[in-house]
Every structure is written in structure tokens, then in C-alpha cells.
file run-v7.cif (mmCIF, C-alpha atoms and all ligand atoms)
data_input
#
loop_
_atom_site.label_atom_id
_atom_site.label_comp_id
_atom_site.auth_asym_id
_atom_site.auth_seq_id
_atom_site.Cartn_x
_atom_site.Cartn_y
_atom_site.Cartn_z
CA MET J 280 87.55 67.64 128.36
CA SER J 281 84.26 69.47 128.75
CA LEU J 282 81.64 69.35 125.99
CA THR J 283 79.08 71.54 127.75
CA PRO J 284 77.75 74.64 125.92
CA ASN J 285 79.64 76.91 128.33
CA ASP J 286 82.93 75.12 127.92
CA PRO J 287 85.81 77.51 128.55
CA GLN J 288 87.89 76.28 125.58
CA PRO J 289 89.36 79.11 123.50
CA CYS J 290 87.03 79.96 120.62
CA SER J 291 88.69 79.47 117.23
CA LEU J 292 87.79 81.58 114.21
CA THR J 293 86.18 78.45 112.70
CA ARG J 294 83.92 77.96 115.71
CA PHE J 295 83.11 81.67 115.88
CA LEU J 296 82.05 81.68 112.21
CA ILE J 297 79.93 78.54 112.61
CA GLU J 298 78.17 80.24 115.52
CA GLU J 299 77.64 83.38 113.41
CA GLN J 300 76.14 81.18 110.70
CA ARG J 301 73.82 79.49 113.21
CA ALA J 302 72.77 82.92 114.48
CA GLY J 303 71.76 83.78 110.91
CA HIS J 304 74.43 86.47 110.55
CA ILE J 305 76.27 84.86 107.61
CA GLU J 306 75.62 82.39 104.81
CA PRO J 307 77.75 79.22 104.67
CA ASP J 308 79.62 80.43 101.55
CA LEU J 309 80.51 83.73 103.24
CA ARG J 310 81.86 81.70 106.15
CA LEU J 311 84.01 79.76 103.70
CA LEU J 312 85.21 82.99 102.07
CA ILE J 313 86.32 84.45 105.42
CA GLU J 314 88.08 81.19 106.35
CA VAL J 315 89.95 81.25 103.04
CA VAL J 316 91.03 84.88 103.49
CA ALA J 317 92.16 84.12 107.06
CA ARG J 318 94.19 81.15 105.80
CA ALA J 319 95.83 83.37 103.16
CA CYS J 320 96.66 85.90 105.91
CA LYS J 321 98.43 83.13 107.85
CA ARG J 322 100.58 82.42 104.80
CA ILE J 323 101.34 86.14 104.33
CA SER J 324 102.20 86.36 108.04
CA ILE J 325 104.74 83.56 107.60
CA ALA J 326 106.30 85.26 104.56
CA VAL J 327 106.47 88.64 106.36
CA GLY J 328 107.98 86.96 109.44
CA LYS J 329 110.82 85.38 107.46
CA GLY J 330 112.09 88.81 106.39
CA ALA J 331 115.62 88.79 105.03
CA LEU J 332 115.90 85.02 105.64
CA GLY J 333 113.15 84.41 103.08
CA GLY J 334 114.65 86.75 100.49
CA VAL J 335 111.35 88.64 100.50
CA LEU J 336 112.52 92.18 101.36
CA GLY J 337 113.17 94.99 98.89
CA ASP J 338 111.56 96.12 95.65
CA ALA J 339 109.81 93.92 93.12
CA GLY J 340 111.06 93.93 89.54
CA ARG J 341 114.57 93.77 88.14
CA PRO J 342 117.43 95.70 89.82
CA GLY J 343 117.27 99.37 88.80
CA GLU J 344 113.83 98.77 87.22
CA ALA J 345 111.32 98.75 90.07
CA SER J 346 107.89 97.40 89.19
CA VAL J 347 105.09 99.97 89.56
CA ASN J 348 101.38 99.31 90.28
CA ILE J 349 98.29 101.09 88.88
CA GLN J 350 98.67 103.73 91.62
CA GLY J 351 102.10 104.66 90.23
CA GLU J 352 103.70 103.30 93.43
CA ALA J 353 106.82 101.11 93.44
CA GLN J 354 105.88 97.57 94.45
CA LYS J 355 107.75 95.68 97.13
CA LYS J 356 108.44 91.98 96.69
CA LEU J 357 106.04 91.29 99.56
CA ASP J 358 103.27 93.35 97.88
CA VAL J 359 103.45 90.94 94.96
CA ILE J 360 103.76 87.83 97.15
CA ALA J 361 100.79 88.83 99.31
CA ASN J 362 98.70 89.59 96.23
CA ASP J 363 99.56 86.21 94.69
CA VAL J 364 98.72 84.37 97.94
CA LEU J 365 95.28 86.01 98.16
CA MET J 366 94.56 85.46 94.44
CA GLU J 367 95.55 81.81 94.49
CA ALA J 368 93.72 81.02 97.75
CA ASN J 369 90.47 82.56 96.52
CA ALA J 370 90.37 81.34 92.92
CA TRP J 371 88.98 77.83 93.23
CA GLY J 372 86.69 77.62 96.31
CA GLY J 373 83.47 78.48 94.45
CA HIS J 374 82.62 81.28 96.91
CA LEU J 375 83.63 84.27 94.77
CA ALA J 376 82.52 85.77 91.48
CA GLY J 377 85.57 88.02 91.23
CA LEU J 378 88.26 89.92 93.06
CA ALA J 379 89.97 93.29 92.93
CA SER J 380 93.23 94.43 94.49
CA GLU J 381 95.24 97.59 95.07
CA GLU J 382 98.00 95.89 93.11
CA MET J 383 95.96 95.09 89.97
CA ASP J 384 94.74 97.59 87.35
CA HIS J 385 91.32 95.95 86.99
CA SER J 386 89.15 93.46 88.83
CA GLN J 387 89.37 89.84 87.73
CA PRO J 388 86.53 87.36 87.37
CA ILE J 389 87.07 83.87 88.77
CA PRO J 390 88.61 81.68 86.04
CA ASP J 391 86.07 79.75 83.92
CA GLU J 392 87.27 76.34 85.10
CA PHE J 393 86.01 77.05 88.64
CA PRO J 394 82.44 77.51 89.90
CA ARG J 395 81.26 81.11 90.40
CA GLY J 396 80.10 82.30 93.81
CA ARG J 397 77.93 85.22 94.92
CA TYR J 398 80.55 87.55 96.37
CA LEU J 399 83.14 90.10 95.30
CA LEU J 400 86.35 90.40 97.31
CA LEU J 401 88.46 93.56 97.37
CA PHE J 402 91.78 93.83 99.15
CA ASP J 403 94.92 95.78 99.83
CA PRO J 404 97.23 92.76 100.11
CA LEU J 405 99.95 94.51 102.09
CA ASP J 406 99.15 97.95 103.41
CA GLY J 407 101.98 100.13 104.68
CA SER J 408 104.51 98.28 102.57
CA SER J 409 107.00 101.15 102.80
CA ASN J 410 107.49 99.82 106.37
CA ILE J 411 108.33 96.21 105.46
CA ASP J 412 112.07 96.60 105.08
CA VAL J 413 112.41 98.33 108.47
CA ASN J 414 110.47 95.65 110.39
CA VAL J 415 107.48 97.79 111.32
CA SER J 416 103.91 96.38 111.33
CA VAL J 417 102.13 96.02 107.99
CA GLY J 418 98.79 94.40 107.20
CA THR J 419 96.14 93.09 104.82
CA ILE J 420 92.78 94.88 104.47
CA PHE J 421 89.73 93.28 102.84
CA SER J 422 86.11 93.99 101.99
CA VAL J 423 83.32 91.69 100.78
CA LEU J 424 80.47 92.92 98.55
CA PRO J 425 77.57 91.06 96.98
CA CYS J 426 77.96 90.42 93.26
CA PRO J 427 75.08 92.40 91.73
CA ARG J 428 74.85 90.30 88.56
CA GLN J 429 74.78 86.60 89.34
CA GLY J 430 76.27 84.09 86.96
CA CYS J 431 78.19 86.47 84.68
CA ASP J 432 81.73 87.84 84.62
CA PRO J 433 81.77 90.78 87.04
CA VAL J 434 83.46 93.92 85.68
CA ASP J 435 84.86 96.93 87.56
CA ALA J 436 81.45 98.68 87.50
CA ASP J 437 79.92 95.83 89.55
CA TYR J 438 82.27 96.70 92.43
CA LEU J 439 81.16 100.34 92.60
CA GLN J 440 78.85 99.92 95.58
CA PRO J 441 78.85 102.14 98.67
CA GLY J 442 80.44 100.87 101.88
CA THR J 443 76.97 100.30 103.35
CA ALA J 444 76.64 97.34 100.94
CA GLN J 445 79.60 95.50 102.53
CA LEU J 446 78.76 92.06 103.94
CA ALA J 447 82.05 91.62 105.76
CA ALA J 448 85.31 93.49 106.25
CA GLY J 449 88.52 92.93 108.09
CA TYR J 450 92.20 93.51 108.43
CA CYS J 451 95.13 91.44 109.61
CA VAL J 452 98.08 93.15 111.30
CA TYR J 453 101.47 91.46 110.94
CA GLY J 454 103.18 92.85 114.04
CA PRO J 455 104.62 91.39 117.23
CA GLN J 456 101.38 89.39 117.11
CA THR J 457 99.38 88.51 114.01
CA THR J 458 95.90 89.83 114.70
CA LEU J 459 92.77 89.49 112.57
CA VAL J 460 89.98 92.01 113.15
CA LEU J 461 86.65 91.12 111.57
CA THR J 462 83.08 92.30 111.18
CA VAL J 463 80.10 90.70 109.44
CA GLY J 464 77.86 93.56 110.58
CA HIS J 465 77.30 92.27 114.13
CA GLY J 466 80.08 93.90 116.10
CA THR J 467 83.84 93.94 115.58
CA HIS J 468 85.86 91.01 116.87
CA VAL J 469 89.59 90.39 117.35
CA PHE J 470 91.41 87.07 116.77
CA THR J 471 95.05 86.43 117.61
CA LEU J 472 97.06 83.87 115.68
CA ASP J 473 98.26 81.04 117.90
CA ARG J 474 101.47 80.40 115.99
CA GLU J 475 102.09 76.97 117.55
CA VAL J 476 98.62 75.66 116.68
CA GLY J 477 98.29 77.68 113.45
CA SER J 478 94.81 78.89 114.29
CA PHE J 479 93.18 82.26 114.93
CA VAL J 480 91.68 82.43 118.45
CA LEU J 481 89.02 84.91 119.58
CA THR J 482 90.70 87.35 121.97
CA GLY J 483 88.29 90.29 121.82
CA ARG J 484 84.54 89.88 121.30
CA ASP J 485 82.53 92.96 120.37
CA ILE J 486 85.28 95.48 121.06
CA ARG J 487 84.33 99.13 121.64
CA ILE J 488 86.38 102.20 120.69
CA PRO J 489 86.35 104.78 123.51
CA GLN J 490 84.13 107.72 122.46
CA GLN J 491 86.58 110.35 123.74
CA THR J 492 90.29 110.53 123.07
CA ALA J 493 93.35 112.69 123.53
CA GLU J 494 95.43 111.00 120.81
CA PHE J 495 95.61 111.74 117.09
CA ALA J 496 97.40 110.09 114.15
CA VAL J 497 98.34 112.18 111.14
CA ASN J 498 101.38 112.71 108.92
CA MET J 499 102.40 116.12 110.33
CA SER J 500 104.96 116.65 107.56
CA ASN J 501 102.00 117.46 105.28
CA GLN J 502 100.75 120.27 107.54
CA ARG J 503 101.67 123.11 105.21
CA HIS J 504 99.77 121.40 102.36
CA TRP J 505 96.48 120.94 104.28
CA GLN J 506 93.27 122.84 103.61
CA PRO J 507 92.08 125.50 106.12
CA PRO J 508 89.65 123.33 108.18
CA MET J 509 92.33 120.69 108.79
CA GLN J 510 94.86 123.41 109.67
CA ALA J 511 92.38 124.84 112.17
CA TYR J 512 91.40 121.47 113.66
CA ILE J 513 94.94 120.19 114.25
CA GLY J 514 96.07 123.68 115.31
CA ASP J 515 93.52 123.55 118.14
CA LEU J 516 94.64 120.04 119.19
CA LEU J 517 98.26 121.22 119.29
CA ALA J 518 97.28 124.24 121.40
CA GLY J 519 96.60 121.80 124.25
CA LYS J 520 95.29 122.71 127.71
CA THR J 521 95.38 126.46 127.21
CA GLY J 522 93.77 126.26 123.72
CA PRO J 523 90.07 126.03 122.79
CA ARG J 524 89.98 122.23 123.40
CA GLY J 525 91.20 122.65 126.96
CA LYS J 526 93.29 119.47 127.07
CA ASP J 527 96.66 118.19 125.90
CA PHE J 528 96.71 115.78 122.95
CA ASN J 529 99.37 113.19 122.17
CA MET J 530 100.39 112.14 118.65
CA ARG J 531 101.13 108.64 117.32
CA TRP J 532 101.83 107.86 113.65
CA VAL J 533 103.06 104.48 112.43
CA ALA J 534 102.42 105.24 108.71
CA SER J 535 100.82 101.80 108.35
CA MET J 536 97.07 102.40 108.32
CA VAL J 537 96.40 98.94 109.76
CA ALA J 538 98.70 99.55 112.71
CA ASP J 539 97.34 103.04 113.35
CA VAL J 540 93.73 101.81 113.12
CA HIS J 541 94.51 98.84 115.35
CA ARG J 542 95.83 101.16 118.06
CA ILE J 543 92.62 103.17 117.78
CA MET J 544 90.53 99.97 118.01
CA THR J 545 92.44 99.10 121.17
CA ARG J 546 92.60 102.39 123.07
CA GLY J 547 90.84 105.07 120.98
CA GLY J 548 92.15 107.98 118.94
CA ILE J 549 91.51 109.72 115.65
CA PHE J 550 93.25 108.79 112.39
CA ALA J 551 93.27 111.43 109.66
CA TYR J 552 94.55 111.37 106.11
CA PRO J 553 93.00 114.61 104.83
CA LEU J 554 93.12 116.22 101.42
CA ASP J 555 96.36 118.11 100.92
CA ALA J 556 97.88 120.03 98.03
CA LYS J 557 99.92 116.96 97.07
CA CYS J 558 97.00 114.53 96.78
CA GLU J 559 94.14 116.94 96.01
CA ALA J 560 94.05 116.21 92.28
CA LYS J 561 93.65 112.49 93.02
CA GLY J 562 90.90 113.07 95.62
CA GLY J 563 93.01 111.99 98.61
CA LYS J 564 95.75 109.55 99.56
CA LEU J 565 93.89 106.45 100.72
CA ARG J 566 91.69 104.27 98.54
CA LEU J 567 87.93 104.12 99.19
CA MET J 568 87.08 100.58 98.14
CA TYR J 569 89.73 98.49 99.88
CA GLU J 570 91.15 100.81 102.56
CA ALA J 571 88.65 103.43 103.76
CA ASN J 572 85.38 101.47 103.45
CA PRO J 573 86.44 98.25 105.21
CA MET J 574 88.06 100.30 108.00
CA ALA J 575 84.91 102.44 108.24
CA PHE J 576 82.71 99.33 108.58
CA LEU J 577 84.97 97.91 111.33
CA VAL J 578 85.20 101.23 113.17
CA GLU J 579 81.43 101.87 113.06
CA GLN J 580 80.72 98.34 114.26
CA ALA J 581 83.02 99.09 117.21
CA GLY J 582 81.05 102.24 118.09
CA GLY J 583 83.39 104.71 116.34
CA ALA J 584 82.83 106.93 113.30
CA ALA J 585 84.40 107.28 109.85
CA THR J 586 83.95 110.20 107.47
CA THR J 587 85.61 112.11 104.65
CA GLY J 588 85.42 115.17 106.90
CA ARG J 589 82.21 116.13 105.09
CA GLN J 590 80.28 112.87 104.60
CA ARG J 591 79.86 109.46 106.24
CA MET J 592 82.49 107.29 104.54
CA MET J 593 80.21 104.33 103.89
CA GLU J 594 77.71 106.55 102.02
CA VAL J 595 80.22 107.81 99.44
CA ALA J 596 79.03 106.72 95.99
CA PRO J 597 82.12 105.23 94.33
CA ALA J 598 82.98 106.27 90.78
CA ALA J 599 86.14 104.20 90.22
CA LEU J 600 87.73 101.04 91.60
CA HIS J 601 90.89 102.81 92.76
CA GLN J 602 89.14 106.02 93.87
CA ARG J 603 90.84 107.95 96.66
CA VAL J 604 89.19 109.81 99.52
CA PRO J 605 90.11 111.93 102.55
CA VAL J 606 89.78 109.85 105.73
CA PHE J 607 88.86 110.69 109.33
CA LEU J 608 88.09 107.74 111.59
CA GLY J 609 88.16 106.57 115.18
CA SER J 610 86.69 107.84 118.46
CA ARG J 611 83.21 109.15 117.65
CA THR J 612 83.37 112.48 119.49
CA GLU J 613 86.66 113.44 117.88
CA VAL J 614 85.62 112.46 114.34
CA GLU J 615 82.47 114.55 114.81
CA GLU J 616 84.61 117.43 116.06
CA ALA J 617 86.81 117.26 112.91
CA GLY J 618 83.60 117.28 110.84
CA ARG J 619 82.42 120.42 112.66
CA TYR J 620 85.55 122.32 111.55
CA HIS J 621 84.81 121.31 107.93
CA ARG J 622 81.12 122.27 108.17
CA GLU J 623 81.84 125.63 109.77
CA HIS J 624 84.54 126.38 107.19
CA ASP J 625 82.21 125.48 104.31
CA ALA J 626 79.42 127.62 105.81
CA GLY J 627 81.84 130.53 106.24
CA THR J 628 81.37 130.52 110.03
CA GLY J 629 84.61 128.73 111.00
P1 LIG F 701 100.06 101.71 100.66
O1 LIG F 701 98.72 101.04 100.52
O2 LIG F 701 100.72 101.93 99.33
O3 LIG F 701 100.95 101.01 101.63
O4 LIG F 701 99.80 103.19 101.21
C1 LIG F 701 98.94 103.41 102.27
C2 LIG F 701 99.69 103.95 103.45
C3 LIG F 701 98.90 103.86 104.72
O5 LIG F 701 99.13 102.66 105.36
C4 LIG F 701 99.43 105.02 105.52
O6 LIG F 701 98.45 105.53 106.36
C5 LIG F 701 99.80 106.00 104.45
O7 LIG F 701 99.92 105.30 103.24
C6 LIG F 701 101.10 106.64 104.76
O8 LIG F 701 101.43 107.50 103.71
P2 LIG F 701 102.57 108.61 103.86
O9 LIG F 701 103.68 108.00 104.65
O10 LIG F 701 102.92 108.90 102.42
O11 LIG F 701 101.96 109.78 104.51
MG MG F 702 97.25 100.52 101.38
#

call {"tool": "encode", "arguments": {"input": "run-v7.cif", "output": "C-alpha cells"}}
result
Amino acid sequence: MSLTPNDPQPCSLTRFLIEEQRAGHIEPDLRLLIEVVARACKRISIAVGKGALGGVLGDAGRPGEASVNIQGEAQKKLDVIANDVLMEANAWGGHLAGLASEEMDHSQPIPDEFPRGRYLLLFDPLDGSSNIDVNVSVGTIFSVLPCPRQGCDPVDADYLQPGTAQLAAGYCVYGPQTTLVLTVGHGTHVFTLDREVGSFVLTGRDIRIPQQTAEFAVNMSNQRHWQPPMQAYIGDLLAGKTGPRGKDFNMRWVASMVADVHRIMTRGGIFAYPLDAKCEAKGGKLRLMYEANPMAFLVEQAGGAATTGRQRMMEVAPAALHQRVPVFLGSRTEVEEAGRYHREHDAGTG
């Protein structure tokens, strides 16, 4: 076995994080936090992988009385399991001051019996859960913020920081492979779970999203509900080679944001969940704090862009924990192009 600095051993997540700490990119307690979240993701991956054999499929709640979260969405059993796994794993380590989840009405401070840390953790425990029962990829998304008031019980208002304040963000896709994608503000890195060893191994250092793309991801069934700039933008993509864009575009839509974003991380593309007549009153479909912002941080760190169509995502000033926003993210040129349609429409020149 080689112990030289250039040894070709696979780099585990643990080693990667220790090296990030030595490089001054993260504090030791942030390293611990990320390790704990990754460990929780391994447990969720095991639960997801058991499927029907684990009795984990289907709706939460009693038969005929589905349990509903703060978003008014029916919860799946695995939504609840994944939330419990993340809550339990993060309660006692001393690294967090509080946590907030898509599945919980309000944020929760760390219980009094445990030491308080300096960070706030936000997560969507199982994104794309409508796909669980049909064996399509789902995932966990998370975001880490500094706790602005040290030593006291953080409340929802303490979480209302723009995406630019994030110290770390990541997602874990539970698909054919379990893949963790992470940023601490120094590039975006991919780790694949070695199921035999039980450890995440670095398989993509500093990945880059291609600037150009000919692939888009959007729920086309909402087309008639979209606003004019989105109608115009997608209309021009669909027009293909003979249209104003002068090239053919392909469409891919998994309906699991983590899976759609992971494809874009891997080979480029644009993901859009715009405002439509159905979600306009709520401000959008996807949630800013634990879906859009962590994805925006990861995408920007990989050289891509993320906006609301009208504003850089990470500069949106949040007003509520479960706030929703329109989302455009992925290959930089294409996200900028979608923004141009919005600007020209708003200026009356589109
Ligand atoms: P969820 O967090 O309740 O699972 O909802 C988020 C999901 C995203 O993963 C996906 O992009 C979108 O909702 C799909 O919504 P729809 O199929 O309603 O268009
Ligand atoms: Mg979600």
C-alpha cells in the first residue's frame, strides 16, 4: 500500500472534507455536519432501495386519510421516514443550532439537552416523492446557513437569508447509483456511494456544466398556463432548426428535480419551473430555501446559472421559510437566453 501524497487510492468523502478543512475552505464543525448529512443519506438510500420489501411505499397516514404537509401535499411514507432520519441524525452532534424541512410547518431548534452549534440546516428530505412508488429516481436536497444569533433558539426569521449566505449545499440522488453532489463554495464535486464498502467516493472533482445546450426540461403539460415570455421562449426552442434559434432541441423531464438537475450537471441543459396560472398565487411551484437556492449554489459553482427568469436566484430576499419561486437553471447561455425573453417582455420590446 502506498502512503505517498499522490497515492492513487480512491478519495472518500471523509478524506475530501479533511482536505477541504486543511485548505481553509470549511470549519471542522461544518465538516462534521456534512458527514452527518451524508450518513443520513446512506440510510435513506437503503430505505428507498428496499421498496415494497421494506413496506415503505405508498401514502403516509391511515388508509383513506392521507397525511398532508404544510404545502398541502399528501405525504408518502418515505417522505416521513427520510425526514425522521435527517432529524434524528442531526439532533445530537453539537454542530447545528436548528433545522427546517419541507415536511415541517416551522423550523425546530436543537433540543435543549444537546449542545448548540453555529449552523442552520434546511432540507427537502425526499424530493420528487410522487415518483417513489414507480421506482424512478428521487433525492434529498440540503442547504447550510450560518445561524445569525449565536446561543439562542433560532426561529423561522433567522433562516430568511439569501442564497449567497449559504456555506454548503448538496443533493443526493437515489437512482441506479446513489450519488452525492456537494459544494462548500469551492467548486461542485460528485461522490458515488460504494454500496459494498458503505462509503461515498469522489468520482467527479470540480465538474463543469457545458455552457451551451440543446436540451430542455420542463413540464410541457403546463404550457397553456404559462406567462407570455415563457410561451415565447419555449415556442422558439420547439421551432427547431428553421426557427429563430436555428437548431433542434430535445426534451427530457423526469419530474424529480434532483434527477433533472443531475442530468444537467452531467451533460448540460436547462431546467425550468416557471410561474404558471396554477401556481402564480403561491409565487411558483418550487421552494426557494431548500430546493432552488441549494441547486442554484451547486449550479453556479459548476459554471452554470440559476435565476427566477428576472433575478439571480441566490440574490432573492426570502420572506418566508416555505416561499416558492419560478426557477430557471443550468447551462449558462441558455439560462441567460430565457432571461432575455423575460426582460424584453417586461420592457415591451419582446
Ligand atoms: P416535491 O418536493 O413535493 O416532491 O415537489 C417537487 C417536484 C420536483 O421534484 C419536480 O421538478 C416538480 O415537483 C414536478 O412537479 P409536477 O410534476 O407537478 O410538474
Ligand atoms: Mg421537493

call {"tool": "closest_residue", "arguments": {"input": "run-v7.cif", "among": "J:Val578, J:Ile323, J:Ala538, J:Leu461", "to": "ligand MG 702 (chain F)", "atoms": "all atoms listed in the file"}}
result
J:Ala538

call {"tool": "residues_around", "arguments": {"input": "run-v7.cif", "residues": "Gln440 (chain J)", "least_positions_apart": "5", "cutoff": "12 Å", "atoms": "all atoms listed in the file", "output": "ChimeraX atom specification"}}
result
/J:399,401,422-427,435,445-446,567-569,572,593-600

call {"tool": "residues_near_ligand", "arguments": {"input": "run-v7.cif", "ligand": "ligand LIG 701 (chain F)", "cutoff": "6 Å", "atoms": "only C-alpha atoms and all ligand atoms", "output": "list in words"}}
result
Asp406, Gly407, Ser408, Asn498, Ala534, Ser535 and Met536 of chain J

call {"tool": "closest_residue", "arguments": {"input": "run-v7.cif", "among": "J:Ala326, J:Ile513, J:Ala518, J:Val463", "to": "Phe295 (chain J)", "atoms": "only C-alpha atoms"}}
result
J:Val463

call {"tool": "closest_residue", "arguments": {"input": "run-v7.cif", "among": "J:Ala617, J:Ile420, J:Cys431, J:Ala331", "to": "ligand MG 702 (chain F)", "atoms": "only C-alpha atoms and all ligand atoms"}}
result
J:Ile420

call {"tool": "residues_around", "arguments": {"input": "run-v7.cif", "residues": "Gly466 (chain J)", "least_positions_apart": "4", "cutoff": "12 Å", "atoms": "all atoms listed in the file", "output": "mmCIF file with C-alpha atoms, keeping the file's coordinate frame"}}
result
data_model
loop_
_atom_site.group_PDB
_atom_site.id
_atom_site.type_symbol
_atom_site.label_atom_id
_atom_site.label_comp_id
_atom_site.auth_asym_id
_atom_site.auth_seq_id
_atom_site.Cartn_x
_atom_site.Cartn_y
_atom_site.Cartn_z
ATOM 1 C CA GLU J 299 77.640 83.380 113.410
ATOM 2 C CA HIS J 304 74.430 86.470 110.550
ATOM 3 C CA ALA J 447 82.050 91.620 105.760
ATOM 4 C CA ALA J 448 85.310 93.490 106.250
ATOM 5 C CA GLY J 449 88.520 92.930 108.090
ATOM 6 C CA VAL J 460 89.980 92.010 113.150
ATOM 7 C CA LEU J 461 86.650 91.120 111.570
ATOM 8 C CA THR J 462 83.080 92.300 111.180
ATOM 9 C CA GLY J 483 88.290 90.290 121.820
ATOM 10 C CA ARG J 484 84.540 89.880 121.300
ATOM 11 C CA ASP J 485 82.530 92.960 120.370
ATOM 12 C CA ILE J 486 85.280 95.480 121.060
ATOM 13 C CA ARG J 487 84.330 99.130 121.640
ATOM 14 C CA ILE J 488 86.380 102.200 120.690
ATOM 15 C CA PHE J 576 82.710 99.330 108.580
ATOM 16 C CA LEU J 577 84.970 97.910 111.330
ATOM 17 C CA VAL J 578 85.200 101.230 113.170
ATOM 18 C CA GLU J 579 81.430 101.870 113.060
ATOM 19 C CA GLN J 580 80.720 98.340 114.260
ATOM 20 C CA ALA J 581 83.020 99.090 117.210
ATOM 21 C CA GLY J 582 81.050 102.240 118.090
ATOM 22 C CA GLY J 583 83.390 104.710 116.340
#

call {"tool": "closest_residue", "arguments": {"input": "run-v7.cif", "among": "J:Ser386, J:Thr545, J:Gln510, J:Thr419", "to": "ligand MG 702 (chain F)", "atoms": "only C-alpha atoms and all ligand atoms"}}
result
J:Thr419

call {"tool": "closest_residue", "arguments": {"input": "run-v7.cif", "among": "J:Pro289, J:Pro507, J:Gly514, J:Pro605", "to": "Glu570 (chain J)", "atoms": "only C-alpha atoms"}}
result
J:Pro605

call {"tool": "residues_near_point", "arguments": {"input": "run-v7.cif", "point": "(87.6, 118.5, 96.4)", "cutoff": "12 Å", "atoms": "all atoms listed in the file", "output": "mmCIF file with C-alpha atoms, in the frame of the given file"}}
result
data_model
loop_
_atom_site.group_PDB
_atom_site.id
_atom_site.type_symbol
_atom_site.label_atom_id
_atom_site.label_comp_id
_atom_site.auth_asym_id
_atom_site.auth_seq_id
_atom_site.Cartn_x
_atom_site.Cartn_y
_atom_site.Cartn_z
ATOM 1 C CA GLN J 506 93.270 122.840 103.610
ATOM 2 C CA PRO J 553 93.000 114.610 104.830
ATOM 3 C CA LEU J 554 93.120 116.220 101.420
ATOM 4 C CA ASP J 555 96.360 118.110 100.920
ATOM 5 C CA ALA J 556 97.880 120.030 98.030
ATOM 6 C CA CYS J 558 97.000 114.530 96.780
ATOM 7 C CA GLU J 559 94.140 116.940 96.010
ATOM 8 C CA ALA J 560 94.050 116.210 92.280
ATOM 9 C CA LYS J 561 93.650 112.490 93.020
ATOM 10 C CA GLY J 562 90.900 113.070 95.620
ATOM 11 C CA GLY J 563 93.010 111.990 98.610
ATOM 12 C CA THR J 587 85.610 112.110 104.650
ATOM 13 C CA GLY J 588 85.420 115.170 106.900
ATOM 14 C CA ARG J 589 82.210 116.130 105.090
ATOM 15 C CA ARG J 603 90.840 107.950 96.660
ATOM 16 C CA VAL J 604 89.190 109.810 99.520
ATOM 17 C CA PRO J 605 90.110 111.930 102.550
ATOM 18 C CA ASP J 625 82.210 125.480 104.310
#

call {"tool": "atom_distance", "arguments": {"input": "run-v7.cif", "atom1": "CA of Ala379 (chain J)", "atom2": "CA of Tyr438 (chain J)"}}
result
8.4 Å

call {"tool": "atom_distance", "arguments": {"input": "run-v7.cif", "atom1": "CA of Arg395 (chain J)", "atom2": "CA of Glu298 (chain J)"}}
result
25.3 Å

call {"tool": "axis_aligned_box", "arguments": {"input": "run-v7.cif", "around": "region 560-567 of chain J", "padding_each_side": "8 Å", "output": "AutoDock Vina command-line options"}}
result
--center_x 91.8 --center_y 110.2 --center_z 96.5 --size_x 23.8 --size_y 28.1 --size_z 24.4

call {"tool": "atom_distance", "arguments": {"input": "run-v7.cif", "atom1": "CA of Met366 (chain J)", "atom2": "CA of Gly418 (chain J)"}}
result
16.1 Å

call {"tool": "closest_residue", "arguments": {"input": "run-v7.cif", "among": "J:His621, J:His468, J:Lys564, J:Lys557", "to": "ligand MG 702 (chain F)", "atoms": "only C-alpha atoms and all ligand atoms"}}
result
J:Lys564

call {"tool": "residues_around", "arguments": {"input": "run-v7.cif", "residues": "Gly303 (chain J)", "least_positions_apart": "5", "cutoff": "12 Å", "atoms": "all atoms listed in the file", "output": "ChimeraX atom specification"}}
result
/J:296-298,309-310,463-465

call {"tool": "residues_around", "arguments": {"input": "run-v7.cif", "residues": "Glu367 (chain J)", "least_positions_apart": "3", "cutoff": "12 Å", "atoms": "all atoms listed in the file", "output": "PyMOL selection string"}}
result
chain J and resi 315-316+318-319+322+360-364+370-372+378+389-390

call {"tool": "residues_around", "arguments": {"input": "run-v7.cif", "residues": "region 352-355 of chain J", "least_positions_apart": "4", "cutoff": "12 Å", "atoms": "only C-alpha atoms", "output": "VMD selection string"}}
result
chain J and resid 327 334 to 341 343 to 348 359 to 362 381 to 383 404 to 412 564
